[in-house]
Amino acid sequence: MKEIFVRLERCMGCRSCEMACAVEHSDSQNLFGAISEKPAPVRRLYVEQAHGHKVPLVCRHCEDAPCVAVCRTGAMSQDAVTGIVDRDKERCVGCWMCAMSCPYGVIGSQGGARVAVKCDRCKSLDIPACVGACPTGTLVFADEGQFAEMIRRDAASRMAREHISTA
Amino acid sequence: MVEKIQDKSVDPASLEMLRLAQRSGLETAWDRFEKQQPQCGFGELGLCCRNCNMGPCRIDPFGEGAIKGTCGATADIIVARNLLRSIAAGASAHSDHARDVAQTFKFMSEGKASSYQVKDRAKMERLMNEYGVRTQSELANAIMAEFGKQEGPIQFTRRAPAKRVELWKSLGIDPRGIDREIVECMHRTHMGVDNDYVNLLLHGIRASLADGWGGSMIATDLQDVMFGTPTPVMTEANLGVLKADAVNIIVHGHEPLLSEMIVAAASDPAMVELAKKQGASGINIAGMCCTGNEVLMRHGVPAAGNFLQQELAVITGAVDAMVVDVQCVMPALGSLAGCFHTKFISTSPKAKFPGATHMEFNEESANETARSIVQAAVLNYRLRDPSKVHIPDIKSRAMVGFSVETIVGALGGSLDPLLGAIKSGAIRGIGAVVGCNNPKVKQDFGHINLVKELIKNDVLVVTTGCNALACAKAGLLLPEAADLAGDGLKGVCKAIGVPPVLHMGSCVDISRIMVACAAIANALGVDISDLPAAGAAPEWMSEKAVSIGTYVVGSGVYTVLGTVPQVLGSKKVVELLTEGVKGVTGGAFAVEPDPLKAAKLMIDHIDSQRRKLGI
């Protein structure tokens with residue numbers, strides 16, 4: 001299954017991913033309309049700064065996800081086929097157990113409402129909005145095999161160049 | 001999002017060239033624009049501040065993250081400061097162009113620029129009267145002084161109706177020196193200076209007025225003095241003006257100082273003879289953008305196209321030299337010209353480009369430089385690869401060159417017939433449609449549809465810049481285009497033999513539109529903000545357009561923008577620009593990308609102005 005992978009070294013901290021995420025999860029579906037909505041649309045991924053690096057954090061849709069395990073109402077669930085962890089708005093009571101259990105802190109809220117808000121991986125899109133908006137290729141939508149191959153090719157090319165330059 | 005070629009332009013010549021570009025793997029602005037998608041949302045909203053090194057800071061438009069920059073600047077402050085800097089850049093571009101023209105005029109008056117002469121002495125004498133000076137040299141000094149004045153007024157601002165001048169004075173926005181207002185923009189937007197969005201934007205109006213009624217107007221008037229005030233002339237427009245068997249030289253950019261000399265050098269029999277020796281039938285000069293408009297309206301030199309066609313012209317493979325001066329010249333031309341034999345020649349000490357041959361122009365040896373450039377183009381003709389030549393067989397005829405003096409002349413020496421037609425309703429009002437191309441809009445789609453809708457509704461259109469060229473290409477600048485107009489406008493156009501869309505020149509020549517508005521307002525005994533008139537820039541992209549829009553609104557004209565300015569991040573700034581300013585200058589901005597809806601906004605405004613005037 002395809003996942004959102006992060007190539008940390010490429011992130012410029014422009015927050016285009018955050019903005020595209022909020023717009024994709026707005027009623028108007030475009031930036032100029034979204035900024036006037038009440039409550040304001042919110043992002044589901046976050047660019048943080050740590051030790052001089054910009055770090056985009058996005059839900060990993062973990063296997064045996066802790067947020068699913070701790071949810072007492074069954075609002076948080078993982079799709080058996082796609083592996084996508086999503087929450088049922090109607091069943092969520094806003095107890096924030098999920099937020100407390102998530103190791104990445106990527107569960108938030110919208111407009112102070114007691115409803116968890118998190119990445120749904122833009123099910124209606126071929127490529128999630130954040131990945132589509134990333135100008136540097138930091139965010140990559142691929143399955144783990146494709147991603148590993150991409151990294152391998154980069155590494156091979158780097159090693160070959162180093163070899164040539166020192167030979 | 002991969003756009004189909006037919007979604008990129010409505011101009012058949014552009015489409016033909018875009019298909020060729022795609023087949024040949026040549027990149028154009030449309031491809032690069034596509035690669036920029038999605039564009040940065042903070043930038044689109046004007047919410048990014050790079051004015052100090054505590055930043056860059058940006059405001060979260062959804063209010064979840066930062067709502068203030070490090071210094072505490074809010075969205076309103078950041079958006080207003082960014083807008084003020086855009087106005088400053090735009091006003092600088094027009095005014096620095098004007099400075100070069102004024103400098104040349106001064107050199108000429110001192111006998112130091114032998115390539116130039118006074119071509120319109122009557123206009124020069126009118127300017128001398130206006131300034132209250134008696135000699136050409138005194139006039140040159142008085143105009144040069146406008147740039148560095150510490151206290152106003154700028155003389156040409158007094159062409160505005162007295163009511164307007166009083167209003168500017170009472171608001172504290174009557175501009176002082178041209179350079180002073182621009183410098184003050186930069187000071188105010190420095191970290192920790194002006195942090196009141198209203199105060200910032202009021203100064204923006206002041207700086208823009210120093211452009212519209214200062215820099216731009218100086219450029220227009222002195223160019224008329226030195227190169228002749230335009231009179232109607234027939235010409236042709238679009239890429240089809242390039243000739244397969246002649247040396248093609250494109251003059252591109254904004255200033256006529258050099259292009260005038262190039263036009264003259266190209267008609268020199270010795271130069272034509274040299275071209276023939278290379279196997280060419282002659283030398284064909286074609287214009288691009290506003291340098292194109294300048295030589296178009298004074299000499300009938302054909303126009304190869306507007307802003308988004310600069311690369312397409314090179315792709316014809318038939319351009320022997322692309323000669324550029326300043327503004328709106330894409331740096332992409334260098335690498336593109338490298339795919340052909342085309343010599344890309346830069347000429348301004350202020351504007352150098354990668355991949356260009358620099359042949360620097362100066363006022364004192366303009367003729368010699370022009371001759372060298374023409375010669376370089378002629379000698380380059382032999383290197384042209386005929387297998388790469390593809391010129392679309394597409395061009396339109398156009399009647400251009402309607403200066404205010406000419407319009408008054410065509411009306412029999414007074415504005416009365418025009419006023420009569422406006423009062424009777426035969427002409428419902430005046431629409432000034434101007435501005436650039438922008439790949440955000442299908443090329444010329446906004447321009448042509450807006451203009452057609454206006455004339456259909458009896459609105460007389462005056463046009464400059466890339467809109468003028470779009471209209472020329474679409475055949476709207478012909479007297480027979482009156483058949484597309486409503487009955488009232490059609491009747492007026494047929495009676496005096498003019499097109500329903502009047503080409504008034506380049507983008508600095510929007511000053512001509514201001515002069516015309518002032519003259520009409522004075523004749524009616526009202527202010528510009530009372531006129532049944534509206535402006536539009538359907539495909540604008542440049543900072544110059546920001547300055548233009550601001551001085552037009554600052555002069556009292558309702559103005560519709562076709563692309564969204566980078567201000568939506570501040571609701572207060574948006575409210576001020578679209579509503580609040582009405583109560584201050586009488587003008588206002590609106591944004592409407594749909595040209596038919598934009599036309600309706602303009603027509604509704606014109607109708608409401610007519611009702612207020614009781615006509």
# chains A, B, ... in the order shown; residues from 1 in each chain; ligands from 1
$ closest_atom_pairs --of "chain B" --to "chain A" --cutoff "8 Å" --atoms "only C-alpha atoms" --output "JSON lines"
{"residue": "B:Gln37", "atom": "CA", "partner": "A:Ala133", "partner_atom": "CA", "distance": 7.7}
{"residue": "B:Pro38", "atom": "CA", "partner": "A:Ala133", "partner_atom": "CA", "distance": 5.7}
{"residue": "B:Cys40", "atom": "CA", "partner": "A:Ser16", "partner_atom": "CA", "distance": 6.2}
{"residue": "B:Gly41", "atom": "CA", "partner": "A:Ser16", "partner_atom": "CA", "distance": 6.7}
{"residue": "B:Pro61", "atom": "CA", "partner": "A:Ile35", "partner_atom": "CA", "distance": 6.1}
{"residue": "B:Phe62", "atom": "CA", "partner": "A:Ala40", "partner_atom": "CA", "distance": 5.5}
{"residue": "B:Gly63", "atom": "CA", "partner": "A:Ala40", "partner_atom": "CA", "distance": 7.5}
{"residue": "B:Glu64", "atom": "CA", "partner": "A:Val42", "partner_atom": "CA", "distance": 7.4}
{"residue": "B:Leu568", "atom": "CA", "partner": "A:Phe32", "partner_atom": "CA", "distance": 7.2}
{"residue": "B:Gly569", "atom": "CA", "partner": "A:Ile35", "partner_atom": "CA", "distance": 8.0}
$ write_last_selection --atoms "N, CA and C atoms" --output "compact mmCIF listing (two decimals), in the first residue's frame"
# COMPACT_ATOMS: atom_id res chain seq x y z
N GLN B 37 3.29 25.01 -10.15
CA GLN B 37 2.06 24.64 -9.44
C GLN B 37 2.33 23.56 -8.41
N PRO B 38 1.73 23.57 -7.25
CA PRO B 38 0.89 24.67 -6.78
C PRO B 38 1.76 25.81 -6.28
N CYS B 40 2.87 29.00 -3.93
CA CYS B 40 2.86 29.13 -2.46
C CYS B 40 1.65 29.94 -1.99
N GLY B 41 0.87 29.33 -1.10
CA GLY B 41 -0.34 29.98 -0.61
C GLY B 41 -0.06 31.23 0.21
N PRO B 61 -3.07 31.75 7.62
CA PRO B 61 -4.36 32.35 7.24
C PRO B 61 -5.54 31.70 7.94
N PHE B 62 -5.31 30.52 8.53
CA PHE B 62 -6.41 29.84 9.22
C PHE B 62 -6.39 30.13 10.71
N GLY B 63 -5.42 30.94 11.13
CA GLY B 63 -5.41 31.40 12.51
C GLY B 63 -4.98 30.36 13.53
N GLU B 64 -4.54 29.20 13.07
CA GLU B 64 -4.17 28.15 14.01
C GLU B 64 -2.72 28.33 14.46
N LEU B 568 -5.17 39.01 -0.34
CA LEU B 568 -6.35 38.43 0.29
C LEU B 568 -6.11 37.94 1.72
N GLY B 569 -4.85 37.93 2.15
CA GLY B 569 -4.55 37.51 3.52
C GLY B 569 -5.01 38.50 4.57
$ residues_around --residues "B:Cys49" --least-positions-apart "2" --cutoff "10 Å" --atoms "only C-alpha atoms" --output "number ranges by chain"
B: 42-43, 46-47, 51-53, 55-59, 69, 73, 75, 77-79, 81-82
$ select_by_dssp --residues "stretch 59-253 of chain B" --states "strand (DSSP E)" --output "list in words"
Val233, Met234, Thr235, Glu236, Ala237, Val247, Asn248, Ile249, Ile250, Val251, His252 and Gly253 of chain B
$ residues_around --residues "A:Val68" --least-positions-apart "6" --cutoff "9 Å" --atoms "only C-alpha atoms" --output "PyMOL selection string"
chain A and resi 74-78+85-87+98
$ write_last_selection --atoms "C-alpha atoms" --output "mmCIF file, in the first residue's frame"
data_model
loop_
_atom_site.group_PDB
_atom_site.id
_atom_site.type_symbol
_atom_site.label_atom_id
_atom_site.label_comp_id
_atom_site.auth_asym_id
_atom_site.auth_seq_id
_atom_site.Cartn_x
_atom_site.Cartn_y
_atom_site.Cartn_z
ATOM 1 C CA GLY A 74 -14.720 2.829 18.246
ATOM 2 C CA ALA A 75 -14.573 6.151 16.446
ATOM 3 C CA MET A 76 -10.950 5.537 15.506
ATOM 4 C CA SER A 77 -10.494 2.544 13.264
ATOM 5 C CA GLN A 78 -8.089 1.102 10.766
ATOM 6 C CA VAL A 85 -6.514 5.000 10.178
ATOM 7 C CA ASP A 86 -9.500 7.304 10.222
ATOM 8 C CA ARG A 87 -12.047 8.478 12.721
ATOM 9 C CA CYS A 98 -5.989 9.177 20.834
#
$ select_by_dssp --residues "stretch 296-412 of chain B" --states "alpha helix (DSSP H)" --output "count of residues only"
37
$ atom_distance --atom1 "atom CA of B:Glu184" --atom2 "atom CA of B:Glu539"
29.2 Å
$ residues_around --residues "stretch 362-378 of chain B" --least-positions-apart "5" --cutoff "6 Å" --atoms "only C-alpha atoms" --output "VMD selection string"
chain B and resid 104 113 115 247 261 to 262 265 275 320 to 321
$ write_last_selection --atoms "C-alpha atoms" --output "PDB file, in the first residue's frame"
ATOM      1  CA  THR B 104      18.063  62.468 -23.115  1.00  0.00           C
ATOM      2  CA  ALA B 113      22.618  64.050 -28.058  1.00  0.00           C
ATOM      3  CA  SER B 115      20.806  61.627 -32.677  1.00  0.00           C
ATOM      4  CA  VAL B 247      16.049  40.264 -41.886  1.00  0.00           C
ATOM      5  CA  MET B 261      17.060  54.947 -33.760  1.00  0.00           C
ATOM      6  CA  ILE B 262      16.890  51.305 -34.864  1.00  0.00           C
ATOM      7  CA  ALA B 265      18.978  52.827 -39.091  1.00  0.00           C
ATOM      8  CA  ALA B 275      20.839  42.989 -46.165  1.00  0.00           C
ATOM      9  CA  ASP B 320      17.682  37.483 -36.566  1.00  0.00           C
ATOM     10  CA  ALA B 321      17.909  39.770 -33.560  1.00  0.00           C
TER      11      ALA B 321
END
$ atom_distance --atom1 "atom CA of B:Asp179" --atom2 "atom CA of B:Ser348"
20.5 Å
$ residues_around --residues "A:Cys119" --least-positions-apart "5" --cutoff "10 Å" --atoms "only C-alpha atoms" --output "VMD selection string"
chain A and resid 21 25 43 to 45 58 to 61 84 to 87 106 to 108 128
$ write_last_selection --atoms "N, CA and C atoms" --output "CSV table (one decimal), in the first residue's frame"
chain,number,residue,atom,x,y,z
A,21,CYS,N,-3.3,21.0,2.9
A,21,CYS,CA,-4.1,20.0,3.7
A,21,CYS,C,-5.4,20.7,4.2
A,25,HIS,N,-9.3,20.0,3.1
A,25,HIS,CA,-10.4,19.7,4.1
A,25,HIS,C,-11.3,20.8,4.4
A,43,ARG,N,-5.2,22.0,9.3
A,43,ARG,CA,-4.3,21.1,8.7
A,43,ARG,C,-4.3,19.8,9.5
A,44,ARG,N,-3.8,18.7,8.9
A,44,ARG,CA,-3.7,17.4,9.5
A,44,ARG,C,-2.2,17.0,9.6
A,45,LEU,N,-1.3,17.8,9.1
A,45,LEU,CA,0.1,17.5,9.3
A,45,LEU,C,0.8,18.7,9.7
A,58,VAL,N,3.5,13.7,9.8
A,58,VAL,CA,2.3,13.3,9.3
A,58,VAL,C,1.9,11.9,9.8
A,59,CYS,N,0.6,11.7,10.0
A,59,CYS,CA,0.2,10.4,10.6
A,59,CYS,C,0.8,9.2,9.8
A,60,ARG,N,1.4,8.2,10.6
A,60,ARG,CA,2.1,7.1,9.9
A,60,ARG,C,1.1,6.0,9.7
A,61,HIS,N,-0.2,6.1,10.1
A,61,HIS,CA,-1.2,5.1,9.9
A,61,HIS,C,-0.6,3.7,10.3
A,84,ILE,N,-5.6,2.5,6.2
A,84,ILE,CA,-5.8,3.9,6.6
A,84,ILE,C,-6.5,4.0,8.0
A,85,VAL,N,-5.9,4.8,8.9
A,85,VAL,CA,-6.5,5.0,10.2
A,85,VAL,C,-7.4,6.3,10.1
A,86,ASP,N,-8.6,6.1,10.3
A,86,ASP,CA,-9.5,7.3,10.2
A,86,ASP,C,-10.5,7.3,11.4
A,87,ARG,N,-11.1,8.5,11.6
A,87,ARG,CA,-12.0,8.5,12.7
A,87,ARG,C,-13.4,8.8,12.2
A,106,VAL,N,0.0,14.0,16.0
A,106,VAL,CA,-0.6,14.5,14.8
A,106,VAL,C,-2.2,14.4,14.8
A,107,ILE,N,-2.7,14.4,16.0
A,107,ILE,CA,-4.2,14.4,16.2
A,107,ILE,C,-4.5,15.7,16.8
A,108,GLY,N,-5.4,16.4,16.1
A,108,GLY,CA,-5.7,17.8,16.6
A,108,GLY,C,-7.2,18.0,16.6
A,128,PRO,N,-2.3,12.5,-2.1
A,128,PRO,CA,-2.7,13.3,-1.1
A,128,PRO,C,-2.3,14.8,-1.3
$ residues_around --residues "B:Val564" --least-positions-apart "3" --cutoff "8 Å" --atoms "only C-alpha atoms" --output "list in words"
Leu561, Val591 and Pro593 of chain B
$ write_last_selection --atoms "C-alpha atoms" --output "PDB file, in the first residue's frame"
ATOM      1  CA  LEU B 561      -8.723  43.355 -11.888  1.00  0.00           C
ATOM      2  CA  VAL B 591     -11.608  41.534  -8.672  1.00  0.00           C
ATOM      3  CA  PRO B 593     -11.643  36.887 -13.401  1.00  0.00           C
TER       4      PRO B 593
END
$ atom_distance --atom1 "atom CA of B:Arg206" --atom2 "atom CA of B:Tyr551"
8.0 Å
$ closest_residue --among "A:Cys67, A:Cys130, A:Val6, A:Cys11" --to "A:Ile151" --atoms "only C-alpha atoms"
A:Val6
$ decode --residues "stretch 80-97 of chain A" --atoms "C-alpha atoms" --output "CSV table (one decimal), in the first residue's frame"
chain,number,residue,atom,x,y,z
A,80,ALA,CA,-8.3,-3.7,7.0
A,81,VAL,CA,-7.6,-3.3,3.3
A,82,THR,CA,-6.0,0.1,2.9
A,83,GLY,CA,-4.5,0.4,6.4
A,84,ILE,CA,-5.8,3.9,6.6
A,85,VAL,CA,-6.5,5.0,10.2
A,86,ASP,CA,-9.5,7.3,10.2
A,87,ARG,CA,-12.0,8.5,12.7
A,88,ASP,CA,-15.8,8.5,12.6
A,89,LYS,CA,-16.8,12.0,13.4
A,90,GLU,CA,-20.2,10.9,14.7
A,91,ARG,CA,-18.8,8.5,17.2
A,92,CYS,CA,-15.9,10.6,18.5
A,93,VAL,CA,-16.6,12.1,21.9
A,94,GLY,CA,-13.5,14.2,22.2
A,95,CYS,CA,-11.9,12.3,25.1
A,96,TRP,CA,-8.5,12.9,23.5
A,97,MET,CA,-7.2,9.5,24.4
